[in-house]
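Here's input_11.txt, which has compact mmCIF, C-alpha atoms and all ligand atoms:
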```txt
# COMPACT_ATOMS: atom_id res chain seq x y z
CA MET P 1 27.82 -0.66 -2.76
CA SER P 2 25.09 -3.26 -2.75
CA ALA P 3 24.61 -5.38 0.37
CA LEU P 4 21.63 -7.56 -0.45
CA PRO P 5 20.25 -9.52 2.51
CA LEU P 6 20.19 -12.97 0.84
CA PRO P 7 23.01 -14.52 -1.19
CA GLN P 8 22.00 -14.15 -4.84
CA ASP P 9 23.56 -17.48 -5.76
CA ALA P 10 21.26 -19.24 -3.27
CA ILE P 11 18.29 -17.77 -5.14
CA GLU P 12 19.80 -18.86 -8.45
CA SER P 13 20.27 -22.45 -7.32
CA HIS P 14 16.78 -22.53 -5.80
CA ASN P 15 15.41 -21.27 -9.13
CA ALA P 16 17.37 -23.90 -11.04
CA ALA P 17 15.10 -26.58 -9.56
CA HIS P 18 11.98 -24.80 -10.86
CA ARG P 19 13.15 -23.38 -14.17
CA ALA P 20 12.12 -26.22 -16.49
CA ALA P 21 8.58 -26.42 -15.07
CA LEU P 22 8.22 -22.65 -15.30
CA ALA P 23 9.37 -22.60 -18.93
CA GLU P 24 6.80 -25.28 -19.75
CA ASP P 25 3.94 -23.49 -17.95
CA TYR P 26 4.89 -20.14 -19.47
CA GLU P 27 4.95 -21.58 -22.95
CA ALA P 28 1.58 -23.31 -22.51
CA LEU P 29 0.00 -20.13 -21.18
CA GLY P 30 1.61 -18.18 -24.03
CA ARG P 31 -0.18 -20.44 -26.52
CA THR P 32 -3.54 -20.02 -24.76
CA LEU P 33 -3.17 -16.25 -24.68
CA ALA P 34 -1.99 -16.11 -28.30
CA ARG P 35 -5.31 -17.70 -29.34
CA ARG P 36 -6.95 -14.63 -27.79
CA GLY P 37 -4.60 -12.31 -29.65
CA LEU P 38 -2.48 -11.60 -26.56
CA ASP P 39 1.32 -11.58 -26.53
CA ILE P 40 2.53 -13.12 -23.28
CA ASP P 41 5.93 -11.44 -23.49
CA ALA P 42 4.32 -8.02 -23.80
CA ILE P 43 2.14 -8.74 -20.77
CA LYS P 44 5.16 -9.99 -18.86
CA GLY P 45 6.95 -6.73 -19.70
CA ASP P 46 3.99 -4.74 -18.43
CA VAL P 47 3.88 -6.80 -15.21
CA ALA P 48 7.63 -6.38 -14.73
CA GLY P 49 7.18 -2.61 -14.77
CA PHE P 50 4.54 -2.66 -12.04
CA SER P 51 5.57 -2.15 -8.42
CA ILE P 52 4.15 -1.39 -5.01
CA ALA P 53 5.63 0.11 -1.87
CA ALA P 54 6.03 -1.88 1.32
CA PRO P 55 5.14 -0.21 4.61
CA SER P 56 7.90 -0.24 7.22
CA TRP P 57 5.34 -0.89 9.97
CA ALA P 58 4.07 -4.11 8.41
CA THR P 59 7.43 -5.82 8.87
CA GLY P 60 6.69 -6.32 12.56
CA ARG P 61 3.83 -8.43 13.93
CA GLY P 62 0.70 -6.33 14.20
CA GLY P 63 -1.93 -6.71 16.82
CA THR P 64 -5.48 -6.00 17.70
CA ARG P 65 -6.75 -3.64 20.36
CA PHE P 66 -6.44 -6.61 22.68
CA ALA P 67 -2.98 -8.00 22.21
CA LYS P 68 0.05 -8.32 20.04
CA PHE P 69 1.93 -11.60 19.89
CA ALA P 70 5.46 -10.92 18.75
CA ILE P 71 7.69 -13.52 17.10
CA PRO P 72 11.41 -14.05 17.64
CA GLY P 73 13.48 -12.23 15.06
CA GLU P 74 11.07 -9.36 14.43
CA PRO P 75 12.67 -6.05 13.51
CA THR P 76 12.75 -3.52 16.33
CA ASN P 77 14.17 -0.48 14.57
CA ILE P 78 14.09 1.14 11.14
CA HIS P 79 17.40 -0.42 10.08
CA GLU P 80 16.11 -3.94 10.71
CA LYS P 81 12.79 -3.06 9.08
CA LEU P 82 14.66 -1.96 5.96
CA GLN P 83 16.52 -5.26 5.87
CA ASP P 84 13.25 -7.18 5.99
CA CYS P 85 11.80 -4.98 3.22
CA ALA P 86 14.94 -5.73 1.23
CA VAL P 87 14.26 -9.47 1.59
CA VAL P 88 10.75 -8.95 0.21
CA GLN P 89 12.13 -6.90 -2.68
CA GLN P 90 14.96 -9.32 -3.44
CA LEU P 91 12.60 -12.27 -3.68
CA SER P 92 9.57 -10.57 -5.25
CA GLN P 93 11.27 -7.85 -7.32
CA ALA P 94 8.01 -5.90 -7.04
CA THR P 95 8.46 -3.84 -3.86
CA PRO P 96 11.44 -1.56 -4.52
CA ARG P 97 10.15 1.28 -2.32
CA VAL P 98 9.46 1.57 1.39
CA SER P 99 6.96 3.89 3.01
CA LEU P 100 8.01 5.27 6.40
CA HIS P 101 5.76 6.36 9.26
CA PHE P 102 6.83 9.04 11.74
CA PRO P 103 7.66 9.16 14.57
CA TRP P 104 7.75 5.33 14.51
CA ASP P 105 10.65 5.31 12.05
CA ARG P 106 12.67 8.16 13.50
CA ALA P 107 16.41 7.92 12.73
CA ASP P 108 19.42 10.05 13.69
CA ASP P 109 20.62 10.73 10.16
CA TYR P 110 18.21 10.53 7.21
CA SER P 111 20.88 11.02 4.56
CA ALA P 112 22.69 8.00 5.99
CA LEU P 113 19.38 6.09 6.05
CA ARG P 114 18.89 6.87 2.38
CA GLU P 115 22.34 5.45 1.61
CA GLU P 116 21.57 2.41 3.72
CA ALA P 117 18.37 1.84 1.72
CA ASP P 118 20.20 2.40 -1.53
CA ALA P 119 22.69 -0.34 -0.68
CA LEU P 120 19.73 -2.65 -0.12
CA ASN P 121 18.29 -1.72 -3.54
CA LEU P 122 15.47 0.23 -1.91
CA SER P 123 14.21 3.78 -2.16
CA PHE P 124 11.53 5.68 -0.27
CA ASP P 125 7.89 6.14 -1.12
CA ALA P 126 5.37 8.44 0.59
CA VAL P 127 6.05 9.49 4.17
CA ASN P 128 3.20 9.06 6.66
CA SER P 129 2.47 11.34 9.59
CA ASN P 130 1.02 10.14 12.87
CA THR P 131 -1.22 12.44 14.88
CA PHE P 132 -3.48 9.60 15.97
CA GLN P 133 -1.36 8.73 19.01
CA ASP P 134 0.42 10.62 21.74
CA GLN P 135 4.17 10.23 21.94
CA PRO P 136 6.45 10.71 24.93
CA GLY P 137 7.37 14.36 25.36
CA LEU P 138 4.54 15.72 23.24
CA ALA P 139 3.43 19.13 24.54
CA HIS P 140 -0.27 18.65 23.73
CA SER P 141 -2.38 15.50 23.63
CA TYR P 142 -4.28 14.33 20.56
CA ARG P 143 -6.97 12.80 22.77
CA ASN P 144 -9.56 15.21 21.33
CA GLY P 145 -8.30 15.33 17.78
CA SER P 146 -5.36 16.67 15.83
CA LEU P 147 -5.72 18.60 12.54
CA ALA P 148 -9.41 19.17 13.32
CA ALA P 149 -9.01 19.72 17.06
CA VAL P 150 -10.87 22.53 18.75
CA GLU P 151 -7.69 23.84 20.43
CA THR P 152 -5.45 25.96 18.20
CA VAL P 153 -2.25 24.76 19.92
CA VAL P 154 -3.13 21.13 19.17
CA ARG P 155 -3.82 21.89 15.51
CA GLU P 156 -0.57 23.84 15.26
CA GLN P 157 1.37 20.95 16.79
CA ALA P 158 -0.24 18.50 14.33
CA VAL P 159 0.56 20.77 11.37
CA ALA P 160 4.16 21.17 12.56
CA HIS P 161 4.53 17.37 12.78
CA ASN P 162 3.31 16.97 9.19
CA ILE P 163 5.76 19.64 8.04
CA ASP P 164 8.55 17.81 9.92
CA CYS P 165 7.57 14.65 8.03
CA ILE P 166 7.88 16.54 4.73
CA GLU P 167 11.34 17.78 5.78
CA ILE P 168 12.41 14.21 6.57
CA GLY P 169 10.86 13.01 3.31
CA LYS P 170 12.95 15.56 1.37
CA LYS P 171 16.10 14.02 2.82
CA LEU P 172 14.88 10.52 1.99
CA GLY P 173 13.98 11.34 -1.61
CA SER P 174 10.23 10.84 -1.08
CA ASN P 175 7.77 12.86 -3.09
CA ALA P 176 4.50 12.50 -1.21
CA ILE P 177 3.01 12.73 2.24
CA THR P 178 0.01 10.62 3.19
CA VAL P 179 -2.19 12.12 5.85
CA TRP P 180 -4.58 9.97 7.80
CA ILE P 181 -6.10 11.36 10.99
CA GLY P 182 -8.12 9.60 13.66
CA ASP P 183 -10.16 12.75 14.37
CA GLY P 184 -13.87 12.27 14.88
CA SER P 185 -16.43 11.71 17.58
CA ASN P 186 -17.90 8.91 19.66
CA PHE P 187 -21.21 10.47 20.64
CA PRO P 188 -23.97 12.16 18.68
CA GLY P 189 -23.66 15.86 19.31
CA GLN P 190 -20.03 15.59 20.49
CA GLN P 191 -18.68 17.46 17.50
CA ASP P 192 -20.10 19.87 14.96
CA PHE P 193 -19.53 18.01 11.67
CA ASN P 194 -18.84 21.04 9.52
CA ARG P 195 -16.89 23.12 12.01
CA ALA P 196 -14.58 20.11 12.50
CA PHE P 197 -14.20 19.78 8.72
CA ASP P 198 -13.44 23.53 8.42
CA ARG P 199 -10.73 23.26 11.04
CA TYR P 200 -9.30 20.25 9.18
CA ILE P 201 -9.21 22.20 5.92
CA ALA P 202 -7.45 25.16 7.55
CA SER P 203 -4.79 22.86 9.03
CA ALA P 204 -4.42 20.88 5.81
CA LYS P 205 -3.89 24.14 3.91
CA ALA P 206 -0.91 24.93 6.13
CA ILE P 207 0.60 21.49 5.32
CA TYR P 208 -0.18 21.89 1.63
CA ALA P 209 1.64 25.25 1.63
CA ALA P 210 4.80 23.46 2.78
CA LEU P 211 4.80 20.90 -0.08
CA PRO P 212 8.04 21.05 -2.06
CA THR P 213 7.92 21.20 -5.87
CA GLY P 214 6.96 17.85 -7.36
CA TRP P 215 5.33 16.61 -4.15
CA ARG P 216 1.80 15.37 -3.59
CA MET P 217 -0.33 15.34 -0.49
CA LEU P 218 -2.52 12.22 -0.27
CA LEU P 219 -5.61 12.29 1.93
CA GLU P 220 -6.67 8.92 3.29
CA HIS P 221 -10.30 8.55 4.31
CA LYS P 222 -11.63 6.01 6.80
CA LEU P 223 -15.17 5.30 7.85
CA PHE P 224 -14.59 4.61 11.53
CA GLU P 225 -12.01 3.71 14.16
CA PRO P 226 -10.71 5.08 16.43
CA ALA P 227 -13.79 7.32 16.38
CA PHE P 228 -16.95 5.22 16.34
CA TYR P 229 -19.73 7.72 15.73
CA SER P 230 -18.29 10.07 13.11
CA THR P 231 -14.93 10.57 11.47
CA VAL P 232 -13.84 13.90 9.98
CA ILE P 233 -12.53 12.44 6.69
CA SER P 234 -14.91 9.50 6.71
CA ASP P 235 -15.39 8.74 3.02
CA TRP P 236 -14.27 9.52 -0.50
CA GLY P 237 -16.79 12.37 -0.70
CA SER P 238 -15.22 14.22 2.21
CA SER P 239 -11.76 13.35 0.94
CA LEU P 240 -12.59 14.66 -2.55
CA MET P 241 -14.10 17.88 -1.17
CA ALA P 242 -10.96 18.47 0.87
CA ALA P 243 -8.61 17.62 -2.02
CA GLN P 244 -10.49 19.94 -4.35
CA GLU P 245 -10.35 22.77 -1.83
CA LEU P 246 -6.67 22.28 -1.21
CA GLY P 247 -5.49 22.33 -4.81
CA PRO P 248 -3.93 20.31 -7.64
CA LYS P 249 -1.12 18.82 -5.54
CA CYS P 250 -3.63 17.21 -3.22
CA GLN P 251 -5.28 13.88 -4.12
CA CYS P 252 -7.25 11.11 -2.45
CA LEU P 253 -5.88 7.79 -1.24
CA ILE P 254 -8.06 4.70 -1.04
CA ASP P 255 -7.31 2.18 1.67
CA LEU P 256 -9.32 -0.90 0.71
CA GLY P 257 -10.31 -1.60 4.32
CA HIS P 258 -11.69 1.84 5.06
CA HIS P 259 -15.22 1.42 3.76
CA ALA P 260 -18.47 -0.06 4.98
CA PRO P 261 -18.88 -3.74 4.04
CA ASN P 262 -19.86 -4.30 0.39
CA VAL P 263 -19.14 -0.74 -0.73
CA ASN P 264 -18.35 -0.66 -4.46
CA ILE P 265 -14.73 0.44 -4.15
CA GLU P 266 -14.01 -0.04 -7.85
CA GLN P 267 -16.62 2.60 -8.65
CA ILE P 268 -14.87 4.99 -6.25
CA VAL P 269 -11.68 4.37 -8.24
CA ALA P 270 -13.45 5.40 -11.45
CA ARG P 271 -15.03 8.50 -9.92
CA LEU P 272 -11.82 9.76 -8.33
CA HIS P 273 -9.95 9.25 -11.57
CA ARG P 274 -12.64 11.23 -13.42
CA ALA P 275 -12.10 14.08 -10.95
CA GLY P 276 -8.32 13.91 -11.45
CA LYS P 277 -7.96 13.05 -7.76
CA LEU P 278 -6.96 9.39 -7.75
CA GLY P 279 -3.76 9.67 -5.69
CA GLY P 280 -3.00 6.26 -4.29
CA PHE P 281 -3.89 2.99 -2.62
CA HIS P 282 -3.33 1.09 0.54
CA PHE P 283 -3.86 -2.56 -0.30
CA ASN P 284 -5.23 -5.06 2.18
CA ASP P 285 -8.33 -7.20 2.51
CA SER P 286 -11.17 -7.34 4.97
CA LYS P 287 -14.05 -9.50 6.08
CA TYR P 288 -15.68 -7.24 8.66
CA GLY P 289 -14.12 -3.78 8.84
CA ASP P 290 -10.63 -2.33 8.75
CA ASP P 291 -9.26 -5.82 9.33
CA ASP P 292 -5.94 -5.16 7.56
CA LEU P 293 -5.88 -8.78 6.34
CA ASP P 294 -3.57 -9.93 3.58
CA SER P 295 -4.41 -8.62 0.11
CA GLY P 296 -6.53 -11.01 -1.89
CA SER P 297 -7.01 -13.43 1.02
CA ILE P 298 -10.75 -12.76 1.38
CA ASN P 299 -11.97 -11.20 -1.84
CA PRO P 300 -9.48 -11.53 -4.71
CA HIS P 301 -12.25 -10.80 -7.18
CA GLN P 302 -12.79 -7.34 -5.73
CA LEU P 303 -9.06 -6.72 -5.98
CA PHE P 304 -9.26 -7.69 -9.65
CA LEU P 305 -12.21 -5.36 -10.20
CA VAL P 306 -10.27 -2.51 -8.59
CA PHE P 307 -7.37 -3.20 -10.95
CA ASN P 308 -9.77 -3.44 -13.86
CA GLU P 309 -10.90 0.13 -13.12
CA LEU P 310 -7.28 1.17 -12.77
CA ALA P 311 -6.49 -0.35 -16.17
CA GLU P 312 -9.55 1.41 -17.60
CA ALA P 313 -8.47 4.72 -16.09
CA LYS P 314 -4.94 4.32 -17.41
CA SER P 315 -6.03 3.44 -20.93
CA SER P 316 -8.61 6.24 -21.11
CA ASP P 317 -6.47 9.03 -19.67
CA PRO P 318 -2.82 8.03 -19.18
CA ALA P 319 -1.60 11.62 -18.67
CA ARG P 320 -3.60 11.99 -15.47
CA PHE P 321 -2.90 8.50 -14.17
CA ASP P 322 -0.19 8.12 -11.54
CA PRO P 323 -1.48 6.42 -8.38
CA ALA P 324 0.95 5.59 -5.58
CA TYR P 325 0.53 1.91 -4.70
CA MET P 326 1.28 0.61 -1.25
CA ILE P 327 0.47 -2.32 1.01
CA ASP P 328 -1.05 -1.49 4.40
CA GLN P 329 -1.66 -4.64 6.42
CA SER P 330 -1.40 -5.88 9.97
CA HIS P 331 0.21 -9.30 10.16
CA ASN P 332 -1.12 -10.71 13.39
CA VAL P 333 -0.65 -14.46 12.92
CA THR P 334 1.99 -14.87 10.21
CA ASP P 335 5.63 -14.08 9.64
CA PRO P 336 5.25 -10.52 8.24
CA ILE P 337 7.76 -11.18 5.45
CA GLU P 338 5.72 -14.17 4.28
CA SER P 339 2.54 -12.10 4.33
CA LEU P 340 4.22 -9.32 2.36
CA LEU P 341 5.49 -11.84 -0.21
CA SER P 342 2.15 -13.56 -0.59
CA SER P 343 0.21 -10.27 -0.70
CA THR P 344 2.58 -8.84 -3.28
CA GLU P 345 1.92 -11.86 -5.45
CA ALA P 346 -1.87 -11.41 -5.03
CA ILE P 347 -1.69 -7.72 -5.96
CA VAL P 348 0.56 -8.25 -8.96
CA ALA P 349 -1.72 -11.12 -10.10
CA ALA P 350 -4.75 -8.80 -9.96
CA TYR P 351 -2.78 -6.26 -11.99
CA ALA P 352 -1.81 -8.91 -14.57
CA LYS P 353 -5.37 -10.24 -14.89
CA ALA P 354 -6.67 -6.71 -15.44
CA ALA P 355 -4.08 -6.32 -18.21
CA LEU P 356 -5.63 -9.36 -19.96
CA VAL P 357 -9.11 -7.85 -20.20
CA ASP P 358 -10.23 -7.37 -23.80
CA ARG P 359 -11.26 -3.73 -23.39
CA GLU P 360 -12.64 -3.44 -26.88
CA ALA P 361 -14.95 -6.42 -26.34
CA LEU P 362 -15.93 -5.03 -22.95
CA HIS P 363 -16.77 -1.59 -24.33
CA GLU P 364 -18.68 -3.05 -27.28
CA ALA P 365 -20.76 -5.24 -24.99
CA GLN P 366 -21.44 -2.26 -22.76
CA GLU P 367 -22.64 -0.21 -25.74
CA ARG P 368 -24.94 -3.08 -26.84
CA ASN P 369 -26.36 -3.39 -23.30
CA ASP P 370 -25.11 -6.96 -23.35
CA ALA P 371 -24.61 -7.50 -19.64
CA MET P 372 -23.55 -11.15 -19.97
CA MET P 373 -20.86 -10.57 -22.59
CA ALA P 374 -19.56 -7.51 -20.73
CA PHE P 375 -19.23 -9.67 -17.64
CA GLN P 376 -17.61 -12.47 -19.68
CA ALA P 377 -14.97 -10.04 -20.91
CA LEU P 378 -13.97 -9.63 -17.26
CA ARG P 379 -14.50 -13.27 -16.36
CA ALA P 380 -12.30 -14.51 -19.20
CA ALA P 381 -9.39 -12.52 -17.80
CA TYR P 382 -10.10 -13.33 -14.16
CA LYS P 383 -10.07 -17.09 -14.84
CA VAL P 384 -6.51 -17.09 -16.18
CA ASP P 385 -3.84 -18.41 -13.82
CA VAL P 386 -1.23 -15.72 -14.37
CA SER P 387 1.38 -17.17 -12.00
CA PRO P 388 3.79 -18.22 -14.80
CA ILE P 389 3.82 -14.61 -16.04
CA LEU P 390 4.56 -13.31 -12.56
CA ALA P 391 7.25 -15.89 -11.89
CA MET P 392 8.94 -15.27 -15.24
CA ALA P 393 8.90 -11.49 -14.68
CA ARG P 394 10.41 -12.02 -11.22
CA VAL P 395 13.10 -14.47 -12.19
CA GLU P 396 14.29 -12.34 -15.09
CA LYS P 397 14.90 -9.53 -12.60
CA GLY P 398 16.79 -11.79 -10.20
CA GLY P 399 13.87 -12.74 -7.94
CA ALA P 400 12.72 -16.16 -6.84
CA ILE P 401 10.39 -18.44 -8.79
CA ASP P 402 8.94 -19.81 -5.55
CA VAL P 403 9.17 -16.82 -3.21
CA LEU P 404 7.88 -18.48 -0.05
CA GLY P 405 9.85 -21.68 -0.61
CA MET P 406 13.04 -19.69 -1.06
CA TYR P 407 12.30 -17.52 1.97
CA ARG P 408 11.79 -20.55 4.20
CA GLN P 409 14.91 -22.18 2.81
CA SER P 410 16.93 -19.05 3.67
CA ARG P 411 16.05 -19.41 7.37
CA TRP P 412 16.10 -15.62 7.57
CA ARG P 413 13.76 -15.36 10.55
CA GLU P 414 15.54 -18.08 12.53
CA ARG P 415 18.85 -16.36 11.92
CA LYS P 416 17.45 -12.95 12.90
CA ALA P 417 16.00 -14.49 16.07
CA GLN P 418 19.60 -15.13 17.16
CA GLU P 419 20.73 -11.60 16.34
CA ARG P 420 17.86 -9.24 17.09
CA LYS P 421 16.64 -8.15 20.47
CA ALA P 422 13.21 -9.41 21.55
CA VAL P 423 10.08 -7.30 21.13
CA GLY P 424 8.27 -6.58 24.39
CA LEU P 425 4.62 -7.29 25.11
CA GLY P 426 2.17 -4.79 23.72
CA ALA P 427 -1.12 -4.04 22.12
CA GLY P 428 -2.28 -1.64 19.47
CA ILE P 429 -4.41 -1.52 16.39
CA VAL P 430 -1.44 -0.73 14.21
C1 LIG W 1 -5.27 3.80 9.45
O1 LIG W 1 -6.09 2.71 9.79
C2 LIG W 1 -4.20 3.39 8.46
O2 LIG W 1 -4.77 2.70 7.39
C3 LIG W 1 -3.40 4.57 7.99
O3 LIG W 1 -2.91 4.35 6.70
C4 LIG W 1 -2.29 4.58 8.95
O4 LIG W 1 -1.20 5.32 8.53
C5 LIG W 1 -2.00 3.10 9.06
O5 LIG W 1 -3.29 2.52 9.07
C6 LIG W 1 -1.25 2.76 10.30
O6 LIG W 1 -1.18 1.37 10.43
MN MN W 2 -3.97 2.86 5.37
```

Output the structure of this file as structure tokens.
Ligand code: PSV
Ligand code: MN
Amino acid sequence: MSALPLPQDAIESHNAAHRAALAEDYEALGRTLARRGLDIDAIKGDVAGFSIAAPSWATGRGGTRFAKFAIPGEPTNIHEKLQDCAVVQQLSQATPRVSLHFPWDRADDYSALREEADALNLSFDAVNSNTFQDQPGLAHSYRNGSLAAVETVVREQAVAHNIDCIEIGKKLGSNAITVWIGDGSNFPGQQDFNRAFDRYIASAKAIYAALPTGWRMLLEHKLFEPAFYSTVISDWGSSLMAAQELGPKCQCLIDLGHHAPNVNIEQIVARLHRAGKLGGFHFNDSKYGDDDLDSGSINPHQLFLVFNELAEAKSSDPARFDPAYMIDQSHNVTDPIESLLSSTEAIVAAYAKAALVDREALHEAQERNDAMMAFQALRAAYKVDVSPILAMARVEKGGAIDVLGMYRQSRWRERKAQERKAVGLGAGIV
């Protein structure tokens, strides 16, 4: 039985006010694209088939290391988080899956949780383990590391937690586990780089051995934080080495914020695809470091270039192309639902623009060493305002033409502020 969070007829009547303008804009864009030999309906169909997972943890207000400023009506448990994800999906029609993080999202009965999600038109994406924090009742602390820790008992505890996550994921219908660890060092000399990596590999092998058929293990690299001198899986090179040692079910996950400033992330996409190890993405944007800002808010062009490489990878080798897409952001100053809606639109727009690139013209220009025309092949696609395509794809699936307008009109947050218990004070980088 479906129990969607917002009344569908409210969305329909909201859309009614925007339908004529959308039809006009869509038709005009269709004519422009037709002059370039592009069929707008085919592109719309492609866009409609694209989706990303929403992270359960991004439905609450995030914080910095200094403070977290909660808002009334935030979700405080996994059931409320699912409801908020369902709002994002109902309006955007592009986030049908939710990624859970354990132990944050612990529930009493995961089969019941799966049914609950199903009724909200949601399913579950990759599960995420957490060995970067201590939890109440934990036998051993992760203060000196987890999968790469010196102490065997700590490594064993971290492996067991990952295997628990896989067990939960099986009940939820997930088919991947994403592993990010905070292990590393804060002082030169504190840790032997390679011995730490060896310990990581040994632990990761034990997790890999527990992967059910059809599952993937995604390794997420990160340059720094919480360790500020060295991190065990610091970059795509370390991630690739580990994934290659572990085996075919292990791939690399790129979080856009986990690189030094100005790193050419789109080139990493191409390289990992070439190695058959492009496993997935965490989308966000950054100005300084792992800022976890909203996707496309700082550098939408880079997001487009990433999607351009994804489109290239897909068209050159579709059989080996199956990245898991997810948002991973910290919404410190906005209503998290609004950030998820606006970020989803930015990500889908980058996908749509990449689909408009004339690949033949691009490849020809590359072969002629014509740098300007190669760039123009990208620029011509980037300049297109694809919002009518996105809106049409959304509305045909039952979503909202104006997602933020409809969300505000629904007064969801105000209503939840009356019903949900308040979040306490807190801090934390997540
Ligand atoms: C680490 O910074 C990270 O990007 C990992 O994906 C974690 O699972 C997530 O953030 C937690 O917010
Ligand atoms: Mn991430």

Inset, instruction - Write out as a count of residues only the residues lying within 12 Å of Pro7 of chain P, counting all atoms listed in the file and excluding same-chain residues fewer than 2 positions away. - result: 21

Legend entry - Distance query Phe281 of chain P at most 6 Å, all atoms listed in the file, self and fewer than 4 positions along chain excluded, as a count of residues only: 5

Inset, instruction - Go through the chains and note each residue within 10 Å of ligand MN 2 (chain W), using all atoms listed in the file, then give the set as a ChimeraX atom specification. - result: /P:55,128,178-180,220-222,253-258,281-284,290,292,326-329,430

Inset, instruction - Work out how far apart atom CA of Cys252 of chain P and atom CA of Pro96 of chain P are and give it in Å to one decimal. - result: 22.7 Å

Inset, instruction - Please measure the separation of atom CA of Ala227 of chain P and atom CA of Ile298 of chain P, giving the value in Å to one decimal. - result: 25.2 Å

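For the atom pair formed by atom CA of Ala422 of chain P and atom CA of Glu115 of chain P, the distance is 26.5 Å, given to one decimal.
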
Legend entry - Exercise: Pro388 of chain P partners within 7 Å, all atoms listed in the file, chain neighbours under 2 positions left out, as a list in words: Leu22, Asp25, Tyr26, Val386, Leu390, Ala391 and Met392 of chain P

Inset, instruction - Using only C-alpha atoms, find the one residue out of P:Ala139, P:Glu345, P:Val423, P:Phe304 that sits nearest to Ala381 of chain P. - result: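 Counting only C-alpha atoms, the residue closest to Ala381 of chain P is P:Phe304.
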
Legend entry - Residue with smallest distance to Ala16 of chain P - pool P:Ile40, P:Ile401, P:Ala417, P:Ala242, counting all atoms listed in the file: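 Among the listed residues, the smallest separation from Ala16 of chain P belongs to P:Ile401.
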
Inset, instruction - Please provide the set of residues having any atom within 12 Å of Leu38 of chain P, restricted to all atoms listed in the file, with same-chain residues fewer than 3 positions apart removed, written as a PyMOL selection string. - result: chain P and resi 29-35+41-44+355-358+381

Legend entry - Surrounding residues of segment 59-75 of chain P excluding itself and chain neighbours under 4 positions, 10 Å, all atoms listed in the file, as number ranges by chain: P: 54-55, 79-85, 88, 291-292, 329-340, 412-430
